[in-house]
$ cat upload-v4.pdb   # PDB, C-alpha atoms
ATOM      1  CA  MET A   1      41.038 103.156  39.197
ATOM      2  CA  GLN A   2      40.987 102.022  42.835
ATOM      3  CA  ALA A   3      44.772 101.845  42.850
ATOM      4  CA  LEU A   4      45.064 105.394  41.508
ATOM      5  CA  VAL A   5      42.610 106.737  44.071
ATOM      6  CA  SER A   6      44.379 104.836  46.859
ATOM      7  CA  LEU A   7      47.711 106.279  45.759
ATOM      8  CA  ALA A   8      46.252 109.789  45.918
ATOM      9  CA  CYS A   9      44.745 109.150  49.347
ATOM     10  CA  GLY A  10      48.075 107.824  50.601
ATOM     11  CA  LEU A  11      49.773 110.943  49.274
ATOM     12  CA  ILE A  12      47.289 113.229  51.017
ATOM     13  CA  PHE A  13      47.539 111.214  54.246
ATOM     14  CA  GLY A  14      51.339 111.320  54.082
ATOM     15  CA  ALA A  15      51.265 115.045  53.373
ATOM     16  CA  GLY A  16      49.145 115.481  56.486
ATOM     17  CA  LEU A  17      51.655 113.511  58.537
ATOM     18  CA  VAL A  18      54.567 115.550  57.194
ATOM     19  CA  ILE A  19      52.904 118.972  57.562
ATOM     20  CA  SER A  20      51.759 118.213  61.112
ATOM     21  CA  ASP A  21      55.217 116.787  61.872
ATOM     22  CA  MET A  22      53.673 113.568  63.150
ATOM     23  CA  VAL A  23      56.508 111.837  61.288
ATOM     24  CA  ASN A  24      58.818 113.265  63.932
ATOM     25  CA  PRO A  25      59.027 110.863  66.893
ATOM     26  CA  GLY A  26      60.183 113.737  69.099
ATOM     27  CA  LYS A  27      56.953 115.599  68.400
ATOM     28  CA  VAL A  28      54.843 112.550  69.259
ATOM     29  CA  LEU A  29      56.815 111.819  72.419
ATOM     30  CA  GLY A  30      56.474 115.496  73.316
ATOM     31  CA  PHE A  31      52.708 114.995  73.374
ATOM     32  CA  LEU A  32      52.946 111.763  75.357
ATOM     33  CA  ASP A  33      55.309 113.377  77.851
ATOM     34  CA  ILE A  34      52.561 114.978  79.923
ATOM     35  CA  PHE A  35      54.824 115.245  82.971
ATOM     36  CA  GLY A  36      57.518 117.013  80.984
ATOM     37  CA  THR A  37      57.469 119.949  78.592
ATOM     38  CA  TRP A  38      54.101 119.079  77.085
ATOM     39  CA  ASP A  39      53.480 119.694  73.368
ATOM     40  CA  PRO A  40      49.718 119.415  72.702
ATOM     41  CA  SER A  41      50.153 119.421  68.908
ATOM     42  CA  LEU A  42      49.101 115.786  68.442
ATOM     43  CA  ALA A  43      45.796 116.570  70.139
ATOM     44  CA  VAL A  44      45.177 119.326  67.603
ATOM     45  CA  VAL A  45      46.100 116.961  64.763
ATOM     46  CA  MET A  46      43.614 114.386  65.996
ATOM     47  CA  ALA A  47      40.897 116.959  66.620
ATOM     48  CA  ALA A  48      41.229 118.342  63.091
ATOM     49  CA  ALA A  49      41.360 114.851  61.576
ATOM     50  CA  LEU A  50      38.322 113.779  63.579
ATOM     51  CA  LEU A  51      36.317 116.829  62.652
ATOM     52  CA  VAL A  52      36.890 116.317  58.938
ATOM     53  CA  SER A  53      36.372 112.539  58.988
ATOM     54  CA  TYR A  54      33.275 112.760  61.179
ATOM     55  CA  VAL A  55      31.612 114.987  58.597
ATOM     56  CA  GLY A  56      33.098 113.010  55.706
ATOM     57  CA  PHE A  57      31.932 109.661  57.061
ATOM     58  CA  ARG A  58      28.415 110.971  57.605
ATOM     59  CA  ILE A  59      28.330 111.997  53.971
ATOM     60  CA  ALA A  60      29.696 108.591  52.973
ATOM     61  CA  ARG A  61      27.036 106.809  55.041
ATOM     62  CA  GLN A  62      24.312 108.481  53.029
ATOM     63  CA  ARG A  63      25.561 107.138  49.722
ATOM     64  CA  ALA A  64      24.325 103.772  48.477
ATOM     65  CA  HIS A  65      27.878 102.697  47.707
ATOM     66  CA  PRO A  66      31.341 104.219  47.175
ATOM     67  CA  LEU A  67      32.068 105.901  43.863
ATOM     68  CA  PHE A  68      34.483 103.248  42.592
ATOM     69  CA  ALA A  69      33.467 100.149  44.543
ATOM     70  CA  PRO A  70      30.350  97.992  44.935
ATOM     71  CA  LYS A  71      30.104  98.471  48.704
ATOM     72  CA  SER A  72      31.560 100.217  51.739
ATOM     73  CA  LEU A  73      33.550  98.044  54.120
ATOM     74  CA  TRP A  74      32.528  99.591  57.415
ATOM     75  CA  PRO A  75      34.074  97.595  60.282
ATOM     76  CA  ALA A  76      31.628  95.076  61.720
ATOM     77  CA  LYS A  77      33.136  94.155  65.087
ATOM     78  CA  THR A  78      31.485  95.734  68.096
ATOM     79  CA  ASP A  79      32.580  93.678  71.093
ATOM     80  CA  ILE A  80      35.130  95.066  73.508
ATOM     81  CA  ASP A  81      37.206  92.028  74.387
ATOM     82  CA  ARG A  82      40.530  91.167  76.003
ATOM     83  CA  ARG A  83      42.284  91.055  72.661
ATOM     84  CA  LEU A  84      41.301  94.636  71.961
ATOM     85  CA  VAL A  85      42.547  95.828  75.343
ATOM     86  CA  ILE A  86      45.734  93.763  75.524
ATOM     87  CA  GLY A  87      46.574  94.483  71.900
ATOM     88  CA  SER A  88      46.099  98.205  72.457
ATOM     89  CA  ALA A  89      48.320  98.067  75.532
ATOM     90  CA  LEU A  90      51.054  96.263  73.605
ATOM     91  CA  PHE A  91      50.778  98.815  70.817
ATOM     92  CA  GLY A  92      50.911 101.688  73.306
ATOM     93  CA  LEU A  93      53.985 100.135  74.908
ATOM     94  CA  GLY A  94      55.792  99.972  71.582
ATOM     95  CA  TRP A  95      54.604 103.423  70.535
ATOM     96  CA  GLY A  96      55.746 105.038  73.766
ATOM     97  CA  LEU A  97      59.216 103.528  73.477
ATOM     98  CA  VAL A  98      60.213 105.140  70.187
ATOM     99  CA  GLY A  99      57.333 107.414  69.149
ATOM    100  CA  LEU A 100      56.631 105.670  65.844
ATOM    101  CA  CYS A 101      53.342 104.097  64.815
ATOM    102  CA  PRO A 102      52.568 102.446  61.467
ATOM    103  CA  GLY A 103      51.738 105.533  59.365
ATOM    104  CA  PRO A 104      54.713 107.700  60.320
ATOM    105  CA  ALA A 105      57.032 104.670  60.215
ATOM    106  CA  LEU A 106      56.124 103.905  56.598
ATOM    107  CA  THR A 107      56.232 107.577  55.587
ATOM    108  CA  ASN A 108      59.703 107.876  57.094
ATOM    109  CA  LEU A 109      60.975 105.156  54.769
ATOM    110  CA  ALA A 110      61.430 108.021  52.308
ATOM    111  CA  THR A 111      64.360 109.219  54.433
ATOM    112  CA  LEU A 112      66.115 105.834  53.945
ATOM    113  CA  ALA A 113      67.204 105.977  57.591
ATOM    114  CA  PRO A 114      68.478 102.527  58.669
ATOM    115  CA  GLY A 115      66.657 102.750  61.998
ATOM    116  CA  VAL A 116      63.361 103.304  60.187
ATOM    117  CA  LEU A 117      63.992 100.297  57.978
ATOM    118  CA  ALA A 118      64.731  98.179  61.033
ATOM    119  CA  PHE A 119      61.555  99.398  62.726
ATOM    120  CA  VAL A 120      59.377  98.732  59.683
ATOM    121  CA  VAL A 121      60.819  95.234  59.174
ATOM    122  CA  ALA A 122      60.282  94.455  62.858
ATOM    123  CA  MET A 123      56.747  95.836  62.643
ATOM    124  CA  ALA A 124      56.013  93.643  59.621
ATOM    125  CA  VAL A 125      57.430  90.613  61.439
ATOM    126  CA  GLY A 126      55.264  91.420  64.459
ATOM    127  CA  MET A 127      52.191  91.673  62.256
ATOM    128  CA  ILE A 128      52.878  88.452  60.382
ATOM    129  CA  GLY A 129      53.737  86.751  63.655
ATOM    130  CA  HIS A 130      50.425  87.728  65.175
ATOM    131  CA  ASP A 131      48.412  86.693  62.149
ATOM    132  CA  LEU A 132      50.147  83.304  61.917
ATOM    133  CA  TRP A 133      49.618  82.738  65.625
ATOM    134  CA  GLN A 134      45.942  83.573  65.239
ATOM    135  CA  ARG A 135      45.509  81.240  62.302
ATOM    136  CA  GLY A 136      47.080  78.402  64.249
ATOM    137  CA  ARG A 137      44.740  78.752  67.224
TER     138      ARG A 137
ATOM    139  CA  MET B   1      61.478 119.348  73.586
ATOM    140  CA  THR B   2      59.152 120.365  70.804
ATOM    141  CA  GLU B   3      57.064 123.505  70.414
ATOM    142  CA  PHE B   4      53.311 123.703  70.142
ATOM    143  CA  THR B   5      52.487 124.222  66.450
ATOM    144  CA  PRO B   6      48.690 124.521  66.316
ATOM    145  CA  VAL B   7      48.373 125.826  62.758
ATOM    146  CA  SER B   8      50.432 123.166  60.997
ATOM    147  CA  ALA B   9      48.910 120.564  63.309
ATOM    148  CA  ALA B  10      45.419 121.631  62.265
ATOM    149  CA  ILE B  11      46.266 121.716  58.569
ATOM    150  CA  GLY B  12      48.004 118.346  58.709
ATOM    151  CA  GLY B  13      45.193 116.827  60.723
ATOM    152  CA  ALA B  14      42.599 118.119  58.277
ATOM    153  CA  LEU B  15      44.517 116.495  55.415
ATOM    154  CA  ILE B  16      44.572 113.189  57.295
ATOM    155  CA  GLY B  17      40.836 113.485  57.778
ATOM    156  CA  LEU B  18      40.408 114.318  54.113
ATOM    157  CA  ALA B  19      42.414 111.271  53.071
ATOM    158  CA  ALA B  20      40.319 109.020  55.286
ATOM    159  CA  THR B  21      37.119 110.562  53.940
ATOM    160  CA  LEU B  22      38.154 110.182  50.309
ATOM    161  CA  LEU B  23      39.281 106.589  50.760
ATOM    162  CA  MET B  24      35.880 105.689  52.223
ATOM    163  CA  LEU B  25      33.820 107.813  49.844
ATOM    164  CA  LEU B  26      35.611 106.639  46.724
ATOM    165  CA  THR B  27      36.724 103.072  47.524
ATOM    166  CA  GLY B  28      34.711 102.107  50.612
ATOM    167  CA  ARG B  29      37.747 101.384  52.744
ATOM    168  CA  ILE B  30      38.971 102.432  56.156
ATOM    169  CA  ALA B  31      42.292 104.311  56.263
ATOM    170  CA  GLY B  32      43.746 102.189  59.035
ATOM    171  CA  ILE B  33      47.436 101.912  58.281
ATOM    172  CA  SER B  34      48.079  98.787  60.348
ATOM    173  CA  GLY B  35      45.327  96.961  58.487
ATOM    174  CA  ILE B  36      46.437  98.268  55.125
ATOM    175  CA  LEU B  37      50.025  97.160  55.751
ATOM    176  CA  ALA B  38      49.114  93.775  57.213
ATOM    177  CA  GLY B  39      46.883  93.019  54.234
ATOM    178  CA  SER B  40      49.636  93.975  51.796
ATOM    179  CA  LEU B  41      51.957  91.433  53.438
ATOM    180  CA  ARG B  42      49.498  88.658  52.646
ATOM    181  CA  SER B  43      47.906  88.373  49.229
ATOM    182  CA  ASP B  44      44.830  90.125  50.497
ATOM    183  CA  ASP B  45      43.657  92.390  47.735
ATOM    184  CA  ARG B  46      47.119  93.801  47.400
ATOM    185  CA  SER B  47      47.195  96.451  44.699
ATOM    186  CA  TRP B  48      45.183  99.211  46.377
ATOM    187  CA  ARG B  49      47.122  98.659  49.633
ATOM    188  CA  ILE B  50      50.504  98.890  47.973
ATOM    189  CA  ALA B  51      49.293 101.967  46.084
ATOM    190  CA  PHE B  52      48.221 103.640  49.333
ATOM    191  CA  ILE B  53      51.514 102.831  51.064
ATOM    192  CA  THR B  54      53.411 104.091  48.009
ATOM    193  CA  GLY B  55      51.516 107.355  48.360
ATOM    194  CA  LEU B  56      52.558 107.602  52.006
ATOM    195  CA  ILE B  57      56.220 107.128  51.117
ATOM    196  CA  LEU B  58      56.008 109.507  48.145
ATOM    197  CA  ALA B  59      54.635 112.349  50.272
ATOM    198  CA  PRO B  60      57.974 113.374  51.837
ATOM    199  CA  LEU B  61      59.636 113.054  48.437
ATOM    200  CA  VAL B  62      57.096 115.461  46.968
ATOM    201  CA  ALA B  63      57.645 117.732  49.960
ATOM    202  CA  GLY B  64      61.360 117.577  49.205
ATOM    203  CA  LEU B  65      60.773 118.644  45.611
ATOM    204  CA  ALA B  66      58.715 121.545  46.910
ATOM    205  CA  GLY B  67      61.643 122.670  49.029
ATOM    206  CA  TYR B  68      60.706 121.052  52.352
ATOM    207  CA  PRO B  69      62.826 117.891  52.619
ATOM    208  CA  LEU B  70      62.049 115.555  55.472
ATOM    209  CA  PRO B  71      65.070 115.025  57.727
ATOM    210  CA  PRO B  72      65.771 111.526  59.034
ATOM    211  CA  PRO B  73      63.892 111.006  62.293
ATOM    212  CA  GLN B  74      65.608 111.013  65.653
ATOM    213  CA  LEU B  75      65.599 107.451  66.911
ATOM    214  CA  PRO B  76      67.193 105.881  69.998
ATOM    215  CA  ALA B  77      70.733 104.576  69.647
ATOM    216  CA  SER B  78      69.744 101.116  70.808
ATOM    217  CA  TRP B  79      68.864  98.782  67.939
ATOM    218  CA  SER B  80      67.188  96.357  70.313
ATOM    219  CA  LEU B  81      64.900  99.151  71.462
ATOM    220  CA  ILE B  82      63.983  99.987  67.880
ATOM    221  CA  VAL B  83      63.380  96.354  66.936
ATOM    222  CA  GLY B  84      61.518  95.617  70.167
ATOM    223  CA  SER B  85      59.295  98.626  69.672
ATOM    224  CA  GLY B  86      58.592  97.642  66.063
ATOM    225  CA  LEU B  87      57.640  94.100  67.073
ATOM    226  CA  LEU B  88      55.282  95.411  69.769
ATOM    227  CA  VAL B  89      53.670  97.918  67.421
ATOM    228  CA  GLY B  90      53.205  95.271  64.735
ATOM    229  CA  PHE B  91      51.869  92.573  67.030
ATOM    230  CA  GLY B  92      49.790  94.910  69.191
ATOM    231  CA  THR B  93      48.071  96.748  66.343
ATOM    232  CA  ARG B  94      47.031  93.436  64.774
ATOM    233  CA  MET B  95      45.742  92.116  68.061
ATOM    234  CA  ALA B  96      43.809  95.331  68.658
ATOM    235  CA  GLY B  97      42.589  95.450  65.080
ATOM    236  CA  GLY B  98      43.802  98.995  64.525
ATOM    237  CA  CYS B  99      46.204 101.808  65.398
ATOM    238  CA  THR B 100      46.173 105.608  65.721
ATOM    239  CA  SER B 101      44.626 105.987  62.265
ATOM    240  CA  GLY B 102      42.320 102.992  62.285
ATOM    241  CA  HIS B 103      40.976 103.386  65.812
ATOM    242  CA  GLY B 104      42.097 106.890  66.755
ATOM    243  CA  VAL B 105      40.862 108.689  63.653
ATOM    244  CA  CYS B 106      38.492 106.464  61.676
ATOM    245  CA  GLY B 107      37.045 104.598  64.646
ATOM    246  CA  LEU B 108      36.403 107.678  66.740
ATOM    247  CA  ALA B 109      34.984 109.482  63.699
ATOM    248  CA  ARG B 110      32.448 106.648  63.459
ATOM    249  CA  LEU B 111      31.736 107.014  67.204
ATOM    250  CA  SER B 112      32.798 103.394  67.702
ATOM    251  CA  PRO B 113      32.884 102.358  71.393
ATOM    252  CA  ARG B 114      35.485  99.707  70.496
ATOM    253  CA  SER B 115      37.774 102.361  69.090
ATOM    254  CA  LEU B 116      37.175 104.625  72.066
ATOM    255  CA  VAL B 117      38.405 101.882  74.401
ATOM    256  CA  ALA B 118      41.340 101.015  72.123
ATOM    257  CA  THR B 119      42.418 104.637  71.812
ATOM    258  CA  ALA B 120      42.111 105.281  75.540
ATOM    259  CA  VAL B 121      44.189 102.185  76.316
ATOM    260  CA  PHE B 122      47.003 102.794  73.855
ATOM    261  CA  MET B 123      47.168 106.486  74.728
ATOM    262  CA  ALA B 124      47.277 105.800  78.464
ATOM    263  CA  THR B 125      49.875 103.058  78.033
ATOM    264  CA  ALA B 126      52.075 105.210  75.818
ATOM    265  CA  VAL B 127      51.850 108.117  78.280
ATOM    266  CA  ALA B 128      52.836 105.782  81.127
ATOM    267  CA  VAL B 129      55.769 104.391  79.150
ATOM    268  CA  VAL B 130      57.089 107.879  78.369
ATOM    269  CA  ALA B 131      56.601 108.951  81.986
ATOM    270  CA  VAL B 132      58.648 106.023  83.212
ATOM    271  CA  SER B 133      61.356 106.236  80.571
ATOM    272  CA  ARG B 134      61.781 110.013  80.847
ATOM    273  CA  HIS B 135      61.082 110.758  84.493
ATOM    274  CA  VAL B 136      61.646 107.573  86.447
ATOM    275  CA  ILE B 137      64.455 105.828  84.613
ATOM    276  CA  GLY B 138      65.573 109.185  83.255
ATOM    277  CA  GLY B 139      66.355 107.756  79.803
TER     278      GLY B 139
END
$ encode --input "upload-v4.pdb" --output "structure tokens"
Amino acid sequence: MQALVSLACGLIFGAGLVISDMVNPGKVLGFLDIFGTWDPSLAVVMAAALLVSYVGFRIARQRAHPLFAPKSLWPAKTDIDRRLVIGSALFGLGWGLVGLCPGPALTNLATLAPGVLAFVVAMAVGMIGHDLWQRGR
Amino acid sequence: MTEFTPVSAAIGGALIGLAATLLMLLTGRIAGISGILAGSLRSDDRSWRIAFITGLILAPLVAGLAGYPLPPPQLPASWSLIVGSGLLVGFGTRMAGGCTSGHGVCGLARLSPRSLVATAVFMATAVAVVAVSRHVIGG
């Protein structure tokens, strides 16, 4: 059941990315290009997403547990450390170079574009690399 | 140069918020794509993650069936730029513990100070990178 629900959620999420054109790197870079011809669309996307999830999460908080799972896995970390800041900076650096972040990159796999495949493989390697490095520390 | 499209942006954003809400309400999980992908690469509770990612990839295909095919994205000509960017996004999102969906949507929706800092940092960095690449280097 969880897999079916997750599939549906992924579909809805992907539909949101496609309809808002967040799968289009040009659109994302247009938002980040505040010194150029600025396209505020991404801000509207985030505002709408935040509005809905803020209300949705408050509703979820009030339930004893999720409908199809024994408990909710709310993130537990609260400390703002160097890893958070440096990691975010590295992510922002990568994101600003091409205009792809994990969600849109995966969604774009549907286009079978070789560049997308290369990006996703590199992203996976980066993720595995980080996690292996962390485990070794 | 892209045009401001507030209506489709709002609709799309609302759907993203809905997806995040449903995933939490129904399965108790955060719709943070970097975390979902990273977990699927290990053996961490794989099936729901692969299902979610499958949904993401199916979305444009469904859109195509409905008459709105997704064109291949415009990417830079340089393969090293694409690969370098991918590596940074992969490594950085893991180090930060989240990305635009995990921190930017879910984290901010929870009013998480950690996510506020993360989002501010990756937004500011990305803006700086675009400013340099488009207006200083003129790439």
$ resolve_selection --input "upload-v4.pdb" --expression "the PyMOL selection byres ((chain B and resi 124) around 10)" --output "PDB file with C-alpha atoms, in the coordinates of the input"
ATOM      1  CA  LEU A  32      52.946 111.763  75.357  1.00  0.00           C
ATOM      2  CA  SER A  88      46.099  98.205  72.457  1.00  0.00           C
ATOM      3  CA  ALA A  89      48.320  98.067  75.532  1.00  0.00           C
ATOM      4  CA  GLY A  92      50.911 101.688  73.306  1.00  0.00           C
ATOM      5  CA  LEU A  93      53.985 100.135  74.908  1.00  0.00           C
ATOM      6  CA  GLY A  96      55.746 105.038  73.766  1.00  0.00           C
TER       7      GLY A  96
ATOM      8  CA  ALA B 118      41.340 101.015  72.123  1.00  0.00           C
ATOM      9  CA  THR B 119      42.418 104.637  71.812  1.00  0.00           C
ATOM     10  CA  ALA B 120      42.111 105.281  75.540  1.00  0.00           C
ATOM     11  CA  VAL B 121      44.189 102.185  76.316  1.00  0.00           C
ATOM     12  CA  PHE B 122      47.003 102.794  73.855  1.00  0.00           C
ATOM     13  CA  MET B 123      47.168 106.486  74.728  1.00  0.00           C
ATOM     14  CA  THR B 125      49.875 103.058  78.033  1.00  0.00           C
ATOM     15  CA  ALA B 126      52.075 105.210  75.818  1.00  0.00           C
ATOM     16  CA  VAL B 127      51.850 108.117  78.280  1.00  0.00           C
ATOM     17  CA  ALA B 128      52.836 105.782  81.127  1.00  0.00           C
ATOM     18  CA  VAL B 129      55.769 104.391  79.150  1.00  0.00           C
TER      19      VAL B 129
END
$ resolve_selection --input "upload-v4.pdb" --expression "the PyMOL selection byres ((chain A and resi 132) around 12)" --output "PyMOL selection string"
(chain A and resi 125-131+133-137) or (chain B and resi 38+41-42+91+94-95)
$ resolve_selection --input "upload-v4.pdb" --expression "the PyMOL selection byres ((chain A and resi 67-72) around 6)" --output "list in words"
His65, Pro66, Leu73 and Trp74 of chain A; Leu26, Thr27 and Gly28 of chain B
$ residues_around --input "upload-v4.pdb" --residues "Leu11 (chain A)" --least-positions-apart "3" --cutoff "10 Å" --atoms "all atoms listed in the file" --output "PyMOL selection string"
(chain A and resi 5-8+14-17+107) or (chain B and resi 15-16+19+51-60+62)
$ write_last_selection --input "upload-v4.pdb" --atoms "C-alpha atoms" --output "short mmCIF file (atom, residue, chain, number, x, y, z; two decimals), in the coordinates of the input"
data_model
loop_
_atom_site.label_atom_id
_atom_site.label_comp_id
_atom_site.auth_asym_id
_atom_site.auth_seq_id
_atom_site.Cartn_x
_atom_site.Cartn_y
_atom_site.Cartn_z
CA VAL A 5 42.61 106.74 44.07
CA SER A 6 44.38 104.84 46.86
CA LEU A 7 47.71 106.28 45.76
CA ALA A 8 46.25 109.79 45.92
CA GLY A 14 51.34 111.32 54.08
CA ALA A 15 51.26 115.04 53.37
CA GLY A 16 49.14 115.48 56.49
CA LEU A 17 51.66 113.51 58.54
CA THR A 107 56.23 107.58 55.59
CA LEU B 15 44.52 116.50 55.42
CA ILE B 16 44.57 113.19 57.30
CA ALA B 19 42.41 111.27 53.07
CA ALA B 51 49.29 101.97 46.08
CA PHE B 52 48.22 103.64 49.33
CA ILE B 53 51.51 102.83 51.06
CA THR B 54 53.41 104.09 48.01
CA GLY B 55 51.52 107.36 48.36
CA LEU B 56 52.56 107.60 52.01
CA ILE B 57 56.22 107.13 51.12
CA LEU B 58 56.01 109.51 48.14
CA ALA B 59 54.64 112.35 50.27
CA PRO B 60 57.97 113.37 51.84
CA VAL B 62 57.10 115.46 46.97
#
$ atom_distance --input "upload-v4.pdb" --atom1 "CA of Pro104 (chain A)" --atom2 "CA of Pro76 (chain B)"
15.9 Å
$ atom_distance --input "upload-v4.pdb" --atom1 "CA of Gly26 (chain A)" --atom2 "CA of Ala43 (chain A)"
14.7 Å
$ residues_around --input "upload-v4.pdb" --residues "Val116 (chain A)" --least-positions-apart "4" --cutoff "10 Å" --atoms "only C-alpha atoms" --output "CSV table (one decimal) with C-alpha atoms, keeping the file's coordinate frame"
chain,number,residue,atom,x,y,z
A,100,LEU,CA,56.6,105.7,65.8
A,104,PRO,CA,54.7,107.7,60.3
A,105,ALA,CA,57.0,104.7,60.2
A,106,LEU,CA,56.1,103.9,56.6
A,107,THR,CA,56.2,107.6,55.6
A,108,ASN,CA,59.7,107.9,57.1
A,109,LEU,CA,61.0,105.2,54.8
A,110,ALA,CA,61.4,108.0,52.3
A,111,THR,CA,64.4,109.2,54.4
A,112,LEU,CA,66.1,105.8,53.9
A,120,VAL,CA,59.4,98.7,59.7
A,121,VAL,CA,60.8,95.2,59.2
A,122,ALA,CA,60.3,94.5,62.9
B,72,PRO,CA,65.8,111.5,59.0
B,73,PRO,CA,63.9,111.0,62.3
B,74,GLN,CA,65.6,111.0,65.7
B,75,LEU,CA,65.6,107.5,66.9
B,82,ILE,CA,64.0,100.0,67.9
B,83,VAL,CA,63.4,96.4,66.9
B,86,GLY,CA,58.6,97.6,66.1
$ closest_residue --input "upload-v4.pdb" --among "A:Pro114, A:Pro75, A:Gly94, A:Gly36" --to "chain B" --atoms "all atoms listed in the file"
A:Gly94
$ closest_residue --input "upload-v4.pdb" --among "B:Ser133, B:Thr93, B:Ser8, B:Ser40" --to "Leu29 (chain A)" --atoms "only C-alpha atoms"
B:Ser133
